[in-house]
2 protein chains.
Amino acid sequence: MPLYRATVQVSLRPSVLDPAGEATRAAAARLGVSGLVKLRIGRSVDVELDAPDADTARSQLELLSDRLLANPVIEDWQLTLAKAEQQP
Amino acid sequence: MPLYRATVQVSLRPSVLDPAGEATRAAAARLGVSGLVKLRIGRSVDVELDAPDADTARSQLELLSDRLLANPVIEDWQLTLAKAEQQP
């Protein structure tokens with residue numbers, strides 16, 4: 001079965017506060033990094049999946065993202081799917 | 001001053017265990033998502049920065065990534081920098 005490689009980017013919805021991001025932004029100013037307008041912290045999940053075809057891989061990963069990787073009440077997610085190079 | 005938009009991807013070094021990722025992989029199997037070969041969880045930090053030019057923006061963001069966003073003992077980071085569209 002071909003191997004699919006995917007990245008799921010999970011980010012807080014724009015309306016949700018990000019206290020960790022705000023704390024990091026304050027710390028950045030103390031470090032001497034000025035001019036920061038925005039800093040928001042999300043998750044990035046790297047996945048490798050064996051699947052018979054791309055449609056199956058995508059539907060499995062969508063289920064995974066919706067049910068397990070993101071909390072849809074406060075988070076959005078975005079899936080990027082790529083077929084890995086031929087396996088040996 | 002132009003506005004630069006950047007994403008810093010922070011991921012665990014390949015030699016570092018990822019217990020949260022392993023737990024998610026086990027939960028995925030119970031959810032009915034089979035064929036998962038790898039699942040590793042990292043952070044993705046979205047930043048907007050005012051800087052006079054791209055070189056300054058990059059050096060500020062490299063300092064930020066190295067000192068604040070990632071723990072270089074166990075994590076790698078990768079910076080993607082883009083100039084935002086003209087501000088109104």
# chains A, B, ... in the order shown; residues from 1 in each chain; ligands from 1
>>> residues_around(residues="Leu81 (chain B)", least_positions_apart="3", cutoff="12 Å", atoms="only C-alpha atoms", output="PDB file with N, CA, C and O atoms, in the first residue's frame")
ATOM      1  N   LEU B   3       5.152  45.057   7.171  1.00  0.00           N
ATOM      2  CA  LEU B   3       4.727  43.991   8.083  1.00  0.00           C
ATOM      3  C   LEU B   3       5.161  42.646   7.497  1.00  0.00           C
ATOM      4  O   LEU B   3       4.864  42.348   6.341  1.00  0.00           O
ATOM      5  N   TYR B   4       5.861  41.872   8.280  1.00  0.00           N
ATOM      6  CA  TYR B   4       6.269  40.538   7.841  1.00  0.00           C
ATOM      7  C   TYR B   4       5.459  39.498   8.600  1.00  0.00           C
ATOM      8  O   TYR B   4       5.199  39.637   9.785  1.00  0.00           O
ATOM      9  N   ARG B   5       5.077  38.481   7.859  1.00  0.00           N
ATOM     10  CA  ARG B   5       4.316  37.385   8.418  1.00  0.00           C
ATOM     11  C   ARG B   5       5.225  36.151   8.397  1.00  0.00           C
ATOM     12  O   ARG B   5       5.902  35.914   7.397  1.00  0.00           O
ATOM     13  N   ALA B   6       5.261  35.420   9.474  1.00  0.00           N
ATOM     14  CA  ALA B   6       6.153  34.261   9.515  1.00  0.00           C
ATOM     15  C   ALA B   6       5.497  33.119  10.260  1.00  0.00           C
ATOM     16  O   ALA B   6       4.598  33.328  11.075  1.00  0.00           O
ATOM     17  N   THR B   7       5.939  31.925   9.934  1.00  0.00           N
ATOM     18  CA  THR B   7       5.527  30.747  10.675  1.00  0.00           C
ATOM     19  C   THR B   7       6.780  30.027  11.146  1.00  0.00           C
ATOM     20  O   THR B   7       7.704  29.817  10.361  1.00  0.00           O
ATOM     21  N   VAL B   8       6.815  29.702  12.420  1.00  0.00           N
ATOM     22  CA  VAL B   8       7.922  28.913  12.956  1.00  0.00           C
ATOM     23  C   VAL B   8       7.368  27.541  13.317  1.00  0.00           C
ATOM     24  O   VAL B   8       6.447  27.426  14.128  1.00  0.00           O
ATOM     25  N   GLN B   9       7.903  26.520  12.653  1.00  0.00           N
ATOM     26  CA  GLN B   9       7.505  25.145  12.943  1.00  0.00           C
ATOM     27  C   GLN B   9       8.506  24.566  13.926  1.00  0.00           C
ATOM     28  O   GLN B   9       9.689  24.493  13.625  1.00  0.00           O
ATOM     29  N   VAL B  45       3.975  28.258  15.268  1.00  0.00           N
ATOM     30  CA  VAL B  45       3.792  29.594  15.832  1.00  0.00           C
ATOM     31  C   VAL B  45       3.626  30.598  14.689  1.00  0.00           C
ATOM     32  O   VAL B  45       4.518  30.733  13.840  1.00  0.00           O
ATOM     33  N   ASP B  46       2.485  31.274  14.656  1.00  0.00           N
ATOM     34  CA  ASP B  46       2.223  32.309  13.655  1.00  0.00           C
ATOM     35  C   ASP B  46       2.612  33.660  14.222  1.00  0.00           C
ATOM     36  O   ASP B  46       2.144  34.040  15.293  1.00  0.00           O
ATOM     37  N   VAL B  47       3.442  34.379  13.481  1.00  0.00           N
ATOM     38  CA  VAL B  47       3.963  35.643  13.976  1.00  0.00           C
ATOM     39  C   VAL B  47       3.736  36.732  12.939  1.00  0.00           C
ATOM     40  O   VAL B  47       3.848  36.490  11.738  1.00  0.00           O
ATOM     41  N   GLU B  48       3.398  37.920  13.395  1.00  0.00           N
ATOM     42  CA  GLU B  48       3.438  39.111  12.548  1.00  0.00           C
ATOM     43  C   GLU B  48       4.356  40.124  13.206  1.00  0.00           C
ATOM     44  O   GLU B  48       4.276  40.359  14.410  1.00  0.00           O
ATOM     45  N   LEU B  49       5.237  40.697  12.384  1.00  0.00           N
ATOM     46  CA  LEU B  49       6.328  41.524  12.914  1.00  0.00           C
ATOM     47  C   LEU B  49       6.514  42.746  12.027  1.00  0.00           C
ATOM     48  O   LEU B  49       6.595  42.627  10.801  1.00  0.00           O
ATOM     49  N   ASP B  53      13.300  45.918   7.232  1.00  0.00           N
ATOM     50  CA  ASP B  53      13.578  45.121   6.032  1.00  0.00           C
ATOM     51  C   ASP B  53      13.576  43.636   6.388  1.00  0.00           C
ATOM     52  O   ASP B  53      13.516  43.264   7.568  1.00  0.00           O
ATOM     53  N   ALA B  54      13.646  42.808   5.349  1.00  0.00           N
ATOM     54  CA  ALA B  54      13.510  41.364   5.537  1.00  0.00           C
ATOM     55  C   ALA B  54      14.649  40.786   6.369  1.00  0.00           C
ATOM     56  O   ALA B  54      14.442  39.872   7.173  1.00  0.00           O
ATOM     57  N   ASP B  55      15.870  41.324   6.181  1.00  0.00           N
ATOM     58  CA  ASP B  55      17.010  40.791   6.942  1.00  0.00           C
ATOM     59  C   ASP B  55      16.825  41.008   8.440  1.00  0.00           C
ATOM     60  O   ASP B  55      17.104  40.119   9.252  1.00  0.00           O
ATOM     61  N   THR B  56      16.368  42.213   8.798  1.00  0.00           N
ATOM     62  CA  THR B  56      16.122  42.494  10.215  1.00  0.00           C
ATOM     63  C   THR B  56      15.031  41.575  10.755  1.00  0.00           C
ATOM     64  O   THR B  56      15.160  41.007  11.841  1.00  0.00           O
ATOM     65  N   ALA B  57      13.959  41.443   9.981  1.00  0.00           N
ATOM     66  CA  ALA B  57      12.857  40.581  10.407  1.00  0.00           C
ATOM     67  C   ALA B  57      13.367  39.166  10.646  1.00  0.00           C
ATOM     68  O   ALA B  57      13.069  38.535  11.665  1.00  0.00           O
ATOM     69  N   ARG B  58      14.174  38.691   9.697  1.00  0.00           N
ATOM     70  CA  ARG B  58      14.667  37.311   9.825  1.00  0.00           C
ATOM     71  C   ARG B  58      15.551  37.150  11.053  1.00  0.00           C
ATOM     72  O   ARG B  58      15.416  36.177  11.804  1.00  0.00           O
ATOM     73  N   SER B  59      16.448  38.094  11.288  1.00  0.00           N
ATOM     74  CA  SER B  59      17.360  37.921  12.425  1.00  0.00           C
ATOM     75  C   SER B  59      16.590  38.015  13.748  1.00  0.00           C
ATOM     76  O   SER B  59      16.888  37.290  14.695  1.00  0.00           O
ATOM     77  N   GLN B  60      15.592  38.900  13.808  1.00  0.00           N
ATOM     78  CA  GLN B  60      14.777  38.989  15.028  1.00  0.00           C
ATOM     79  C   GLN B  60      14.023  37.681  15.262  1.00  0.00           C
ATOM     80  O   GLN B  60      13.951  37.184  16.387  1.00  0.00           O
ATOM     81  N   LEU B  61      13.501  37.115  14.189  1.00  0.00           N
ATOM     82  CA  LEU B  61      12.709  35.893  14.333  1.00  0.00           C
ATOM     83  C   LEU B  61      13.594  34.692  14.654  1.00  0.00           C
ATOM     84  O   LEU B  61      13.179  33.775  15.368  1.00  0.00           O
ATOM     85  N   GLU B  62      14.833  34.711  14.127  1.00  0.00           N
ATOM     86  CA  GLU B  62      15.758  33.615  14.463  1.00  0.00           C
ATOM     87  C   GLU B  62      16.123  33.662  15.940  1.00  0.00           C
ATOM     88  O   GLU B  62      16.179  32.631  16.617  1.00  0.00           O
ATOM     89  N   GLN B  78      12.024  25.595  12.246  1.00  0.00           N
ATOM     90  CA  GLN B  78      12.163  25.985  10.844  1.00  0.00           C
ATOM     91  C   GLN B  78      11.320  27.237  10.639  1.00  0.00           C
ATOM     92  O   GLN B  78      10.146  27.272  11.015  1.00  0.00           O
ATOM     93  N   ALA B  84       3.943  40.605   4.245  1.00  0.00           N
ATOM     94  CA  ALA B  84       2.484  40.711   4.137  1.00  0.00           C
ATOM     95  C   ALA B  84       2.130  41.715   3.042  1.00  0.00           C
ATOM     96  O   ALA B  84       2.947  42.526   2.628  1.00  0.00           O
TER      97      ALA B  84
END
>>> interface_residues(of="chain A", to="chain B", cutoff="7 Å", atoms="only C-alpha atoms", output="PyMOL selection string")
chain A and resi 28+33+35-51+60+64
>>> atom_distance(atom1="CA of Asn71 (chain B)", atom2="CA of Trp77 (chain A)")
24.7 Å
>>> select_by_dssp(residues="chain A", states="alpha helix (DSSP H)", output="list in words")
Pro19, Ala20, Gly21, Glu22, Ala23, Thr24, Arg25, Ala26, Ala27, Ala28, Ala29, Arg30, Leu31, Ala54, Asp55, Thr56, Ala57, Arg58, Ser59, Gln60, Leu61, Glu62, Leu63 and Leu64 of chain A
>>> select_by_dssp(residues="chain B", states="strand (DSSP E or B)", output="ChimeraX atom specification")
/B:3-12,36-50,75-83
>>> write_last_selection(atoms="N, CA and C atoms", output="tab-separated table (two decimals), in the first residue's frame")
chain	number	residue	atom	x	y	z
B	3	LEU	N	5.15	45.06	7.17
B	3	LEU	CA	4.73	43.99	8.08
B	3	LEU	C	5.16	42.65	7.50
B	4	TYR	N	5.86	41.87	8.28
B	4	TYR	CA	6.27	40.54	7.84
B	4	TYR	C	5.46	39.50	8.60
B	5	ARG	N	5.08	38.48	7.86
B	5	ARG	CA	4.32	37.39	8.42
B	5	ARG	C	5.22	36.15	8.40
B	6	ALA	N	5.26	35.42	9.47
B	6	ALA	CA	6.15	34.26	9.51
B	6	ALA	C	5.50	33.12	10.26
B	7	THR	N	5.94	31.92	9.93
B	7	THR	CA	5.53	30.75	10.67
B	7	THR	C	6.78	30.03	11.15
B	8	VAL	N	6.81	29.70	12.42
B	8	VAL	CA	7.92	28.91	12.96
B	8	VAL	C	7.37	27.54	13.32
B	9	GLN	N	7.90	26.52	12.65
B	9	GLN	CA	7.51	25.15	12.94
B	9	GLN	C	8.51	24.57	13.93
B	10	VAL	N	8.02	24.17	15.09
B	10	VAL	CA	8.89	23.58	16.10
B	10	VAL	C	8.54	22.10	16.20
B	11	SER	N	9.54	21.25	15.98
B	11	SER	CA	9.26	19.81	16.06
B	11	SER	C	10.29	19.15	16.95
B	12	LEU	N	9.88	18.06	17.57
B	12	LEU	CA	10.82	17.28	18.38
B	12	LEU	C	11.90	16.70	17.49
B	36	LEU	N	-1.84	3.95	10.46
B	36	LEU	CA	-0.97	5.05	10.89
B	36	LEU	C	0.43	4.51	11.17
B	37	VAL	N	1.40	5.02	10.46
B	37	VAL	CA	2.78	4.57	10.63
B	37	VAL	C	3.52	5.49	11.59
B	38	LYS	N	3.19	6.77	11.53
B	38	LYS	CA	3.90	7.75	12.35
B	38	LYS	C	2.93	8.85	12.73
B	39	LEU	N	3.06	9.35	13.94
B	39	LEU	CA	2.29	10.54	14.33
B	39	LEU	C	3.12	11.28	15.37
B	40	ARG	N	3.57	12.46	14.99
B	40	ARG	CA	4.37	13.26	15.93
B	40	ARG	C	3.80	14.66	16.02
B	41	ILE	N	3.73	15.16	17.24
B	41	ILE	CA	3.07	16.44	17.49
B	41	ILE	C	4.12	17.53	17.74
B	42	GLY	N	4.03	18.59	16.98
B	42	GLY	CA	4.92	19.73	17.19
B	42	GLY	C	4.12	21.00	17.39
B	43	ARG	N	4.81	22.13	17.43
B	43	ARG	CA	4.11	23.40	17.57
B	43	ARG	C	4.29	24.20	16.29
B	44	SER	N	3.32	25.06	16.04
B	44	SER	CA	3.38	25.94	14.89
B	44	SER	C	3.04	27.34	15.40
B	45	VAL	N	3.98	28.26	15.27
B	45	VAL	CA	3.79	29.59	15.83
B	45	VAL	C	3.63	30.60	14.69
B	46	ASP	N	2.49	31.27	14.66
B	46	ASP	CA	2.22	32.31	13.65
B	46	ASP	C	2.61	33.66	14.22
B	47	VAL	N	3.44	34.38	13.48
B	47	VAL	CA	3.96	35.64	13.98
B	47	VAL	C	3.74	36.73	12.94
B	48	GLU	N	3.40	37.92	13.39
B	48	GLU	CA	3.44	39.11	12.55
B	48	GLU	C	4.36	40.12	13.21
B	49	LEU	N	5.24	40.70	12.38
B	49	LEU	CA	6.33	41.52	12.91
B	49	LEU	C	6.51	42.75	12.03
B	50	ASP	N	6.59	43.92	12.63
B	50	ASP	CA	6.99	45.14	11.93
B	50	ASP	C	8.51	45.22	11.93
B	75	GLU	N	14.46	20.08	20.52
B	75	GLU	CA	13.59	20.48	19.41
B	75	GLU	C	14.38	21.14	18.27
B	76	ASP	N	13.89	20.95	17.07
B	76	ASP	CA	14.36	21.68	15.90
B	76	ASP	C	13.30	22.72	15.53
B	77	TRP	N	13.73	23.77	14.84
B	77	TRP	CA	12.72	24.72	14.36
B	77	TRP	C	13.06	25.14	12.93
B	78	GLN	N	12.02	25.60	12.25
B	78	GLN	CA	12.16	25.99	10.84
B	78	GLN	C	11.32	27.24	10.64
B	79	LEU	N	11.94	28.24	10.03
B	79	LEU	CA	11.29	29.55	9.88
B	79	LEU	C	10.87	29.77	8.43
B	80	THR	N	9.63	30.17	8.22
B	80	THR	CA	9.17	30.57	6.89
B	80	THR	C	8.72	32.01	6.98
B	81	LEU	N	9.38	32.87	6.22
B	81	LEU	CA	9.11	34.32	6.30
B	81	LEU	C	8.46	34.80	5.01
B	82	ALA	N	7.44	35.63	5.15
B	82	ALA	CA	6.80	36.22	3.96
B	82	ALA	C	6.44	37.66	4.28
B	83	LYS	N	6.54	38.51	3.28
B	83	LYS	CA	6.12	39.90	3.48
B	83	LYS	C	4.61	39.94	3.32
>>> atom_distance(atom1="CA of Ile74 (chain B)", atom2="CA of Ala20 (chain A)")
19.9 Å
>>> atom_distance(atom1="CA of Ala70 (chain B)", atom2="CA of Ser15 (chain A)")
25.6 Å
